[in-house]
>>> print(open('start_24.pdb').read())   # PDB, C-alpha atoms
ATOM      1  CA  MET A  63     -25.724 -37.848 -35.983
ATOM      2  CA  GLU A  64     -23.849 -39.272 -33.004
ATOM      3  CA  LYS A  65     -20.664 -37.519 -34.175
ATOM      4  CA  ILE A  66     -22.443 -34.121 -34.418
ATOM      5  CA  LYS A  67     -23.859 -34.597 -30.930
ATOM      6  CA  TYR A  68     -20.358 -35.152 -29.454
ATOM      7  CA  MET A  69     -18.924 -32.185 -31.372
ATOM      8  CA  PHE A  70     -21.748 -29.971 -30.124
ATOM      9  CA  MET A  71     -21.104 -31.116 -26.521
ATOM     10  CA  ALA A  72     -17.352 -30.520 -26.890
ATOM     11  CA  VAL A  73     -17.933 -26.986 -28.211
ATOM     12  CA  LEU A  74     -20.435 -26.309 -25.411
ATOM     13  CA  VAL A  75     -17.973 -27.517 -22.733
ATOM     14  CA  ALA A  76     -15.201 -25.374 -24.261
ATOM     15  CA  LEU A  77     -17.411 -22.263 -24.297
ATOM     16  CA  VAL A  78     -18.544 -22.769 -20.713
ATOM     17  CA  SER A  79     -14.998 -23.334 -19.448
ATOM     18  CA  MET A  80     -13.708 -20.200 -21.205
ATOM     19  CA  THR A  81     -16.564 -18.137 -19.802
ATOM     20  CA  VAL A  82     -15.935 -19.312 -16.257
ATOM     21  CA  THR A  83     -12.175 -18.763 -16.407
ATOM     22  CA  SER A  84     -12.445 -15.394 -18.106
ATOM     23  CA  CYS A  85     -14.020 -13.797 -15.057
ATOM     24  CA  GLY A  86     -11.244 -11.622 -13.717
ATOM     25  CA  ASP A  87     -10.448  -9.787 -10.544
ATOM     26  CA  ASP A  88      -9.931  -6.418 -12.212
ATOM     27  CA  ASP A  89     -11.297  -4.603  -9.161
ATOM     28  CA  ASP A  90      -8.295  -5.669  -7.095
ATOM     29  CA  ASP A  91      -5.701  -4.137  -9.430
ATOM     30  CA  GLU A  92      -6.125  -0.653  -7.935
ATOM     31  CA  ASN A  93      -5.917  -1.963  -4.364
ATOM     32  CA  VAL A  94      -2.732  -3.904  -5.112
ATOM     33  CA  SER A  95      -1.242  -0.817  -6.768
ATOM     34  CA  ASN A  96      -2.122   1.392  -3.768
ATOM     35  CA  GLN A  97      -0.626  -1.133  -1.326
ATOM     36  CA  LYS A  98       2.643  -1.066  -3.253
ATOM     37  CA  ASN A  99       2.523   2.723  -3.678
ATOM     38  CA  PRO A 100       0.537   4.183  -0.752
ATOM     39  CA  ALA A 101       2.164   7.606  -1.200
ATOM     40  CA  SER A 102       0.195   8.073  -4.435
ATOM     41  CA  MET A 103      -3.030   8.280  -2.425
ATOM     42  CA  ILE A 104      -1.751  11.154  -0.273
ATOM     43  CA  VAL A 105      -0.198  13.394  -2.937
ATOM     44  CA  GLY A 106      -2.193  16.539  -3.630
ATOM     45  CA  THR A 107      -3.617  19.681  -2.061
ATOM     46  CA  TYR A 108      -6.156  19.654   0.748
ATOM     47  CA  ALA A 109      -8.498  22.422   1.865
ATOM     48  CA  GLY A 110      -9.842  22.208   5.377
ATOM     49  CA  THR A 111      -9.935  23.701   8.823
ATOM     50  CA  LEU A 112      -7.608  23.936  11.789
ATOM     51  CA  ARG A 113      -8.828  23.844  15.379
ATOM     52  CA  GLN A 114      -7.836  22.720  18.824
ATOM     53  CA  PRO A 115      -9.330  19.545  20.332
ATOM     54  CA  GLY A 116     -12.685  20.327  21.939
ATOM     55  CA  ASP A 117     -13.160  23.493  19.856
ATOM     56  CA  ASN A 118     -16.712  23.351  18.484
ATOM     57  CA  THR A 119     -16.377  26.346  16.177
ATOM     58  CA  ASP A 120     -15.970  26.074  12.407
ATOM     59  CA  GLY A 121     -12.215  26.438  12.776
ATOM     60  CA  SER A 122      -9.921  28.468  10.552
ATOM     61  CA  PRO A 123      -9.487  27.747   6.858
ATOM     62  CA  CYS A 124      -6.149  26.103   6.037
ATOM     63  CA  TYR A 125      -4.400  24.463   3.105
ATOM     64  CA  VAL A 126      -2.007  21.522   3.055
ATOM     65  CA  ALA A 127      -0.007  20.153   0.117
ATOM     66  CA  PHE A 128       1.999  16.939  -0.300
ATOM     67  CA  GLU A 129       4.532  15.803  -2.908
ATOM     68  CA  ARG A 130       5.554  12.188  -3.495
ATOM     69  CA  LEU A 131       9.178  11.326  -2.711
ATOM     70  CA  SER A 132       8.916   7.533  -3.117
ATOM     71  CA  ASN A 133       6.295   4.775  -3.049
ATOM     72  CA  THR A 134       6.101   5.051   0.735
ATOM     73  CA  THR A 135       7.245   8.630   1.468
ATOM     74  CA  VAL A 136       5.599  12.020   0.969
ATOM     75  CA  MET A 137       6.742  15.528   1.810
ATOM     76  CA  LEU A 138       4.482  18.098   3.402
ATOM     77  CA  THR A 139       5.377  21.061   1.215
ATOM     78  CA  ARG A 140       2.799  23.597   2.418
ATOM     79  CA  PHE A 141       0.744  23.988   5.579
ATOM     80  CA  ILE A 142      -0.773  27.437   5.519
ATOM     81  CA  CYS A 143      -3.251  28.819   8.011
ATOM     82  CA  GLU A 144      -3.219  32.605   7.901
ATOM     83  CA  ASP A 145      -5.555  33.119  10.888
ATOM     84  CA  TYR A 146      -2.992  31.517  13.200
ATOM     85  CA  GLY A 147       0.130  32.518  11.324
ATOM     86  CA  PHE A 148       1.091  28.947  10.432
ATOM     87  CA  ASP A 149       3.403  28.402   7.510
ATOM     88  CA  GLN A 150       4.986  25.051   8.366
ATOM     89  CA  GLU A 151       8.383  24.029   7.045
ATOM     90  CA  LYS A 152       8.723  20.890   4.927
ATOM     91  CA  ILE A 153       8.298  17.558   6.729
ATOM     92  CA  ASN A 154       8.749  14.033   5.328
ATOM     93  CA  PHE A 155       6.238  11.338   6.241
ATOM     94  CA  LYS A 156       6.361   7.571   5.863
ATOM     95  CA  VAL A 157       3.018   6.317   4.520
ATOM     96  CA  SER A 158       1.576   2.916   5.350
ATOM     97  CA  GLU A 159      -1.786   1.394   4.396
ATOM     98  CA  SER A 160      -3.993  -1.125   6.149
ATOM     99  CA  ASN A 161      -7.600  -1.863   5.127
ATOM    100  CA  GLY A 162      -8.011   1.462   3.318
ATOM    101  CA  VAL A 163      -6.570   3.536   6.175
ATOM    102  CA  TYR A 164      -3.391   5.416   5.287
ATOM    103  CA  LYS A 165      -1.178   6.467   8.194
ATOM    104  CA  LEU A 166       1.409   9.228   7.973
ATOM    105  CA  ASN A 167       4.288   9.090  10.446
ATOM    106  CA  SER A 168       6.809  11.897  10.540
ATOM    107  CA  GLU A 169      10.394  10.841   9.862
ATOM    108  CA  ARG A 170      11.635  13.611  12.127
ATOM    109  CA  SER A 171       9.212  14.275  14.950
ATOM    110  CA  LEU A 172       6.711  12.399  17.069
ATOM    111  CA  ALA A 173       4.756  15.636  17.549
ATOM    112  CA  ILE A 174       3.009  15.372  14.155
ATOM    113  CA  GLU A 175       1.108  12.495  12.558
ATOM    114  CA  GLY A 176      -1.700  12.030  10.096
ATOM    115  CA  MET A 177      -4.344   9.725   8.724
ATOM    116  CA  TYR A 178      -6.137   9.569   5.355
ATOM    117  CA  ILE A 179      -9.475   7.751   5.102
ATOM    118  CA  ASN A 180     -11.945   7.973   2.197
ATOM    119  CA  GLY A 181     -10.572  11.247   0.848
ATOM    120  CA  VAL A 182     -10.331  12.991   4.247
ATOM    121  CA  LEU A 183      -6.959  13.915   5.714
ATOM    122  CA  THR A 184      -6.502  14.471   9.444
ATOM    123  CA  ILE A 185      -3.221  15.809  10.793
ATOM    124  CA  THR A 186      -2.592  16.197  14.513
ATOM    125  CA  PHE A 187       0.409  18.133  15.739
ATOM    126  CA  GLN A 188       1.737  19.853  18.793
ATOM    127  CA  THR A 189       3.471  23.224  18.794
ATOM    128  CA  GLU A 190       6.657  23.968  20.735
ATOM    129  CA  GLY A 191       4.478  25.587  23.394
ATOM    130  CA  GLY A 192       2.576  22.315  23.892
ATOM    131  CA  THR A 193      -0.655  23.336  22.155
ATOM    132  CA  THR A 194      -2.320  20.552  20.158
ATOM    133  CA  TRP A 195      -3.940  21.331  16.796
ATOM    134  CA  ILE A 196      -6.023  19.218  14.409
ATOM    135  CA  PHE A 197      -6.325  19.800  10.666
ATOM    136  CA  ASN A 198      -9.227  18.127   8.813
ATOM    137  CA  GLY A 199      -9.457  18.560   5.074
ATOM    138  CA  LYS A 200     -10.520  17.046   1.785
ATOM    139  CA  LYS A 201      -8.380  16.601  -1.300
ATOM    140  CA  GLU A 202      -8.988  19.249  -3.948
ATOM    141  CA  LYS A 203      -9.641  17.971  -7.439
TER     142      LYS A 203
END
>>> encode(input="start_24.pdb", output="C-alpha cells")
Amino acid sequence: MEKIKYMFMAVLVALVSMTVTSCGDDDDDENVSNQKNPASMIVGTYAGTLRQPGDNTDGSPCYVAFERLSNTTVMLTRFICEDYGFDQEKINFKVSESNGVYKLNSERSLAIEGMYINGVLTITFQTEGGTTWIFNGKKEK
C-alpha cells in the first residue's frame, strides 16, 4: 500500500510539473516577428483622406500603397489624390517599431514622414511650395 501511495504521488508531481511548464508564451511570437520585420506591418494599400493642418473639412479621398523591400524598408509605390492632382513618385522609407508604433522615415527627404498605429497610417509631407499636407488612412483588406 505504501508503495502505491509513493507511485501515485510521483505521478501526481510529474503531471503538475508538466502542466506548469507547458504554459507557453505563444502570444509573443507575433510581436517578436513584427519587431524583426516591421516592414511587414506597413505593406498594403490604404484608403483615406488628404488635408492641410487645421482643415476641418472631410478632406479629399486618396490612396496610398506600399511594397516591402526588406525587413526594415518599404517603398511608397502609389500616392494618388485626384482632387489635388497628386501622383507621387516612388519613395523608400526605413521602418522602425517601438511599443506598437511604427515610424516611417524617408531615405531621401526630410519633408515626408509617416506613422502607423493600430491599423491607421498617417503621412505628413511638405510640397516644394512649402505647403504641408496630412494623409490619414486605414489599410484595405
>>> residues_around(input="start_24.pdb", residues="segment 108-119 of chain A", least_positions_apart="6", cutoff="6 Å", atoms="all atoms listed in the file", output="MDAnalysis selection string")
chainID A and resid 125:126 195:202
>>> write_last_selection(input="start_24.pdb", atoms="C-alpha atoms", output="short mmCIF file (atom, residue, chain, number, x, y, z; two decimals), in the coordinates of the input")
data_model
loop_
_atom_site.label_atom_id
_atom_site.label_comp_id
_atom_site.auth_asym_id
_atom_site.auth_seq_id
_atom_site.Cartn_x
_atom_site.Cartn_y
_atom_site.Cartn_z
CA TYR A 125 -4.40 24.46 3.10
CA VAL A 126 -2.01 21.52 3.06
CA TRP A 195 -3.94 21.33 16.80
CA ILE A 196 -6.02 19.22 14.41
CA PHE A 197 -6.32 19.80 10.67
CA ASN A 198 -9.23 18.13 8.81
CA GLY A 199 -9.46 18.56 5.07
CA LYS A 200 -10.52 17.05 1.78
CA LYS A 201 -8.38 16.60 -1.30
CA GLU A 202 -8.99 19.25 -3.95
#
>>> atom_distance(input="start_24.pdb", atom1="atom CA of Asn133 of chain A", atom2="atom CA of Asn167 of chain A")
14.3 Å
>>> residues_around(input="start_24.pdb", residues="Tyr146 of chain A", least_positions_apart="2", cutoff="10 Å", atoms="all atoms listed in the file", output="ChimeraX atom specification")
/A:112-113,122-124,142-144,148-149
>>> atom_distance(input="start_24.pdb", atom1="atom CA of Arg170 of chain A", atom2="atom CA of Gln188 of chain A")
13.5 Å
>>> resolve_selection(input="start_24.pdb", expression="the PyMOL selection byres ((chain A and resi 159) around 12)", output="list in words")
Asn93, Val94, Ser95, Asn96, Gln97, Lys98, Asn99, Pro100, Ala101, Ser102, Met103, Ile104, Asn133, Thr134, Thr135, Lys156, Val157, Ser158, Ser160, Asn161, Gly162, Val163, Tyr164, Lys165, Leu166, Asn167, Met177, Tyr178 and Ile179 of chain A
>>> write_last_selection(input="start_24.pdb", atoms="C-alpha atoms", output="PDB file, in the frame of the given file")
ATOM      1  CA  ASN A  93      -5.917  -1.963  -4.364  1.00  0.00           C
ATOM      2  CA  VAL A  94      -2.732  -3.904  -5.112  1.00  0.00           C
ATOM      3  CA  SER A  95      -1.242  -0.817  -6.768  1.00  0.00           C
ATOM      4  CA  ASN A  96      -2.122   1.392  -3.768  1.00  0.00           C
ATOM      5  CA  GLN A  97      -0.626  -1.133  -1.326  1.00  0.00           C
ATOM      6  CA  LYS A  98       2.643  -1.066  -3.253  1.00  0.00           C
ATOM      7  CA  ASN A  99       2.523   2.723  -3.678  1.00  0.00           C
ATOM      8  CA  PRO A 100       0.537   4.183  -0.752  1.00  0.00           C
ATOM      9  CA  ALA A 101       2.164   7.606  -1.200  1.00  0.00           C
ATOM     10  CA  SER A 102       0.195   8.073  -4.435  1.00  0.00           C
ATOM     11  CA  MET A 103      -3.030   8.280  -2.425  1.00  0.00           C
ATOM     12  CA  ILE A 104      -1.751  11.154  -0.273  1.00  0.00           C
ATOM     13  CA  ASN A 133       6.295   4.775  -3.049  1.00  0.00           C
ATOM     14  CA  THR A 134       6.101   5.051   0.735  1.00  0.00           C
ATOM     15  CA  THR A 135       7.245   8.630   1.468  1.00  0.00           C
ATOM     16  CA  LYS A 156       6.361   7.571   5.863  1.00  0.00           C
ATOM     17  CA  VAL A 157       3.018   6.317   4.520  1.00  0.00           C
ATOM     18  CA  SER A 158       1.576   2.916   5.350  1.00  0.00           C
ATOM     19  CA  SER A 160      -3.993  -1.125   6.149  1.00  0.00           C
ATOM     20  CA  ASN A 161      -7.600  -1.863   5.127  1.00  0.00           C
ATOM     21  CA  GLY A 162      -8.011   1.462   3.318  1.00  0.00           C
ATOM     22  CA  VAL A 163      -6.570   3.536   6.175  1.00  0.00           C
ATOM     23  CA  TYR A 164      -3.391   5.416   5.287  1.00  0.00           C
ATOM     24  CA  LYS A 165      -1.178   6.467   8.194  1.00  0.00           C
ATOM     25  CA  LEU A 166       1.409   9.228   7.973  1.00  0.00           C
ATOM     26  CA  ASN A 167       4.288   9.090  10.446  1.00  0.00           C
ATOM     27  CA  MET A 177      -4.344   9.725   8.724  1.00  0.00           C
ATOM     28  CA  TYR A 178      -6.137   9.569   5.355  1.00  0.00           C
ATOM     29  CA  ILE A 179      -9.475   7.751   5.102  1.00  0.00           C
TER      30      ILE A 179
END
>>> resolve_selection(input="start_24.pdb", expression="the PyMOL selection byres ((chain A and resi 171) around 10)", output="JSON, numbers by chain")
{"A": [153, 154, 155, 167, 168, 169, 170, 172, 173, 174, 175, 187]}
>>> write_last_selection(input="start_24.pdb", atoms="C-alpha atoms", output="compact mmCIF listing (two decimals), keeping the file's coordinate frame")
# COMPACT_ATOMS: atom_id res chain seq x y z
CA ILE A 153 8.30 17.56 6.73
CA ASN A 154 8.75 14.03 5.33
CA PHE A 155 6.24 11.34 6.24
CA ASN A 167 4.29 9.09 10.45
CA SER A 168 6.81 11.90 10.54
CA GLU A 169 10.39 10.84 9.86
CA ARG A 170 11.64 13.61 12.13
CA LEU A 172 6.71 12.40 17.07
CA ALA A 173 4.76 15.64 17.55
CA ILE A 174 3.01 15.37 14.16
CA GLU A 175 1.11 12.50 12.56
CA PHE A 187 0.41 18.13 15.74
